[in-house]
Amino acid sequence: MRVMGYVTSLFARKVVAAAGGGVDAAAMLSSVGIAPDDPWDARQMVPAERYYDMLERIADQMDVTELPVRTGASMRLDEYGALGLAFKAATTLGASYARVERYARLWTSVVEYELRPATGGTLFILHRAGERRLGMRLSNEATLASAVSIARQVCPVPLAPVEVLVRHPAPRSIAAHEDWFDCPVRFGAELDAILYADETLARPNILGDVGISQYLTTHLEAELSEITREPALVTQAKAAIAQALSEGAPKMAEIARSLGLSARSFHRRLSEHGMNFQSLTEETRRNLAEGLLQDESHSLAEIAFLTGFSEQSAFTRAFKRWVGTTPATYRKDIFHR
């Protein structure tokens, strides 16, 4: 069964906003579990694979060549919460990026960052494992663009990297990329990274403040410590939900009780991890369905029952909403690759 990572809902919202009238914004956000009318909250997470699915659906409906650049350019530090404040309060740009390297886990579980000395300066590297499908490629481009966007928000002078490196092949045009980054952009590289001159990273930030920076770092360390403890709870909750699904959609109070928690404590701990019970249940259903569909010994009716649906038609509708295709087509594609 696929293990699914998470990204902040902020990126999903920004992509849809950047797509403008080219897509049905409410439908796109709903496809990743975001209620369009809810307040924006960077701590709310969405499954990474569903985010990539959404990007690919957008690509089916419009030209996305420039979409990652527009998305990255729209990112604002104030939207990142404590992490954005810590980036802003660091004394130099290099120190700001060191915060991203350290605390990225607060807004994604699928990307790691690394600062690495290199010829001509220092590389800020994006590491993301997995199949380099279109959705991931678009996400990587948007992430690199956002890294430059937030840097420009703390830099006292115009900022341009030495070079930007992208592992996947170039889109049909890179004019928008080179215009935004204001430097050469080399696709087909060995890394996804931004090369900065060392003097650029050593430049003092506009709002750098040692005292505020230390306070925020303490706060972020506490948040990071909380997050690194929570996956065990999430794993246990998903297992309990999966076991209960054959009896229908499980209730939060019942799952909480099976974990030795009150419903209130369970809700709070999921919220601290940027999750809610409804999204966790839906993700568990999807993961379970995808795993069961890879075993031909289970009929579609059985899989519908095992994932908590009273009717196969309801399961088919839900699966099509999750994946964009029916369970039967999904299974057929698996065994005829």
# chains A, B, ... in the order shown; residues from 1 in each chain; ligands from 1
$ closest_atom_pairs --of "segment 141-168 of chain A" --to "segment 121-125 of chain A" --cutoff "10 Å" --atoms "only C-alpha atoms" --output "Markdown table"
| residue | atom | partner | partner_atom | distance |
| --- | --- | --- | --- | --- |
| A:Leu144 | CA | A:Ile125 | CA | 9.1 |
| A:Ala147 | CA | A:Phe124 | CA | 9.1 |
| A:Pro161 | CA | A:Gly121 | CA | 9.8 |
| A:Val162 | CA | A:Gly121 | CA | 8.3 |
| A:Glu163 | CA | A:Leu123 | CA | 9.4 |
| A:Val164 | CA | A:Leu123 | CA | 9.3 |
| A:Leu165 | CA | A:Ile125 | CA | 9.1 |
$ write_last_selection --atoms "C-alpha atoms" --output "PDB file, in the first residue's frame"
ATOM      1  CA  LEU A 144      12.140  26.767  -6.399  1.00  0.00           C
ATOM      2  CA  ALA A 147      12.298  30.016  -2.435  1.00  0.00           C
ATOM      3  CA  PRO A 161      20.698  33.733  -8.035  1.00  0.00           C
ATOM      4  CA  VAL A 162      23.790  32.769 -10.003  1.00  0.00           C
ATOM      5  CA  GLU A 163      21.917  29.869 -11.600  1.00  0.00           C
ATOM      6  CA  VAL A 164      18.846  27.694 -11.100  1.00  0.00           C
ATOM      7  CA  LEU A 165      19.066  23.942 -11.719  1.00  0.00           C
TER       8      LEU A 165
END
$ atom_distance --atom1 "atom CA of Thr325 of chain A" --atom2 "atom CA of Leu300 of chain A"
14.0 Å
$ residues_around --residues "Gly72 of chain A" --least-positions-apart "4" --cutoff "10 Å" --atoms "only C-alpha atoms" --output "ChimeraX atom specification"
/A:11,14-15,18,67-68,76,139,141-150,180
$ write_last_selection --atoms "C-alpha atoms" --output "PDB file, in the first residue's frame"
ATOM      1  CA  PHE A  11       0.624  25.628  -2.048  1.00  0.00           C
ATOM      2  CA  LYS A  14      -1.782  29.347  -4.385  1.00  0.00           C
ATOM      3  CA  VAL A  15      -1.655  27.130  -7.479  1.00  0.00           C
ATOM      4  CA  ALA A  18      -2.531  31.410 -10.010  1.00  0.00           C
ATOM      5  CA  LEU A  67       1.971  28.368 -13.763  1.00  0.00           C
ATOM      6  CA  PRO A  68       4.767  27.249 -11.361  1.00  0.00           C
ATOM      7  CA  ARG A  76       4.397  35.641   0.956  1.00  0.00           C
ATOM      8  CA  SER A 139       5.526  21.307  -7.809  1.00  0.00           C
ATOM      9  CA  GLU A 141       9.389  24.352 -10.197  1.00  0.00           C
ATOM     10  CA  ALA A 142       6.902  26.213  -7.980  1.00  0.00           C
ATOM     11  CA  THR A 143       8.946  25.393  -4.872  1.00  0.00           C
ATOM     12  CA  LEU A 144      12.140  26.767  -6.399  1.00  0.00           C
ATOM     13  CA  ALA A 145      10.322  29.919  -7.496  1.00  0.00           C
ATOM     14  CA  SER A 146       8.850  30.373  -4.015  1.00  0.00           C
ATOM     15  CA  ALA A 147      12.298  30.016  -2.435  1.00  0.00           C
ATOM     16  CA  VAL A 148      13.478  33.004  -4.453  1.00  0.00           C
ATOM     17  CA  SER A 149      10.266  34.934  -3.800  1.00  0.00           C
ATOM     18  CA  ILE A 150      10.619  34.790  -0.020  1.00  0.00           C
ATOM     19  CA  TRP A 180      11.451  35.534 -12.922  1.00  0.00           C
TER      20      TRP A 180
END
$ residues_around --residues "segment 251-255 of chain A" --least-positions-apart "4" --cutoff "8 Å" --atoms "only C-alpha atoms" --output "PDB file with C-alpha atoms, in the first residue's frame"
ATOM      1  CA  ALA A 237      -5.300   6.058  13.872  1.00  0.00           C
ATOM      2  CA  ALA A 240      -7.832   1.683  13.623  1.00  0.00           C
ATOM      3  CA  ILE A 241      -9.886   3.409  10.918  1.00  0.00           C
ATOM      4  CA  LEU A 259      -6.403   4.753  20.973  1.00  0.00           C
ATOM      5  CA  SER A 262     -10.877  11.371  24.499  1.00  0.00           C
ATOM      6  CA  ALA A 263     -12.480  12.688  21.318  1.00  0.00           C
ATOM      7  CA  PHE A 277     -10.518  13.209  11.303  1.00  0.00           C
TER       8      PHE A 277
END
$ closest_residue --among "A:Ala151, A:Leu83, A:Ala48, A:Leu191" --to "Gly130 of chain A" --atoms "only C-alpha atoms"
A:Ala48
$ residues_around --residues "Pro184 of chain A" --least-positions-apart "2" --cutoff "12 Å" --atoms "only C-alpha atoms" --output "list of chain:residue names"
A:Ala160, A:Pro161, A:Val162, A:Glu163, A:Val164, A:Leu165, A:Val166, A:Ile174, A:Ala175, A:Ala176, A:His177, A:Glu178, A:Asp179, A:Trp180, A:Phe181, A:Asp182, A:Arg186, A:Phe187, A:Ile194, A:Leu195
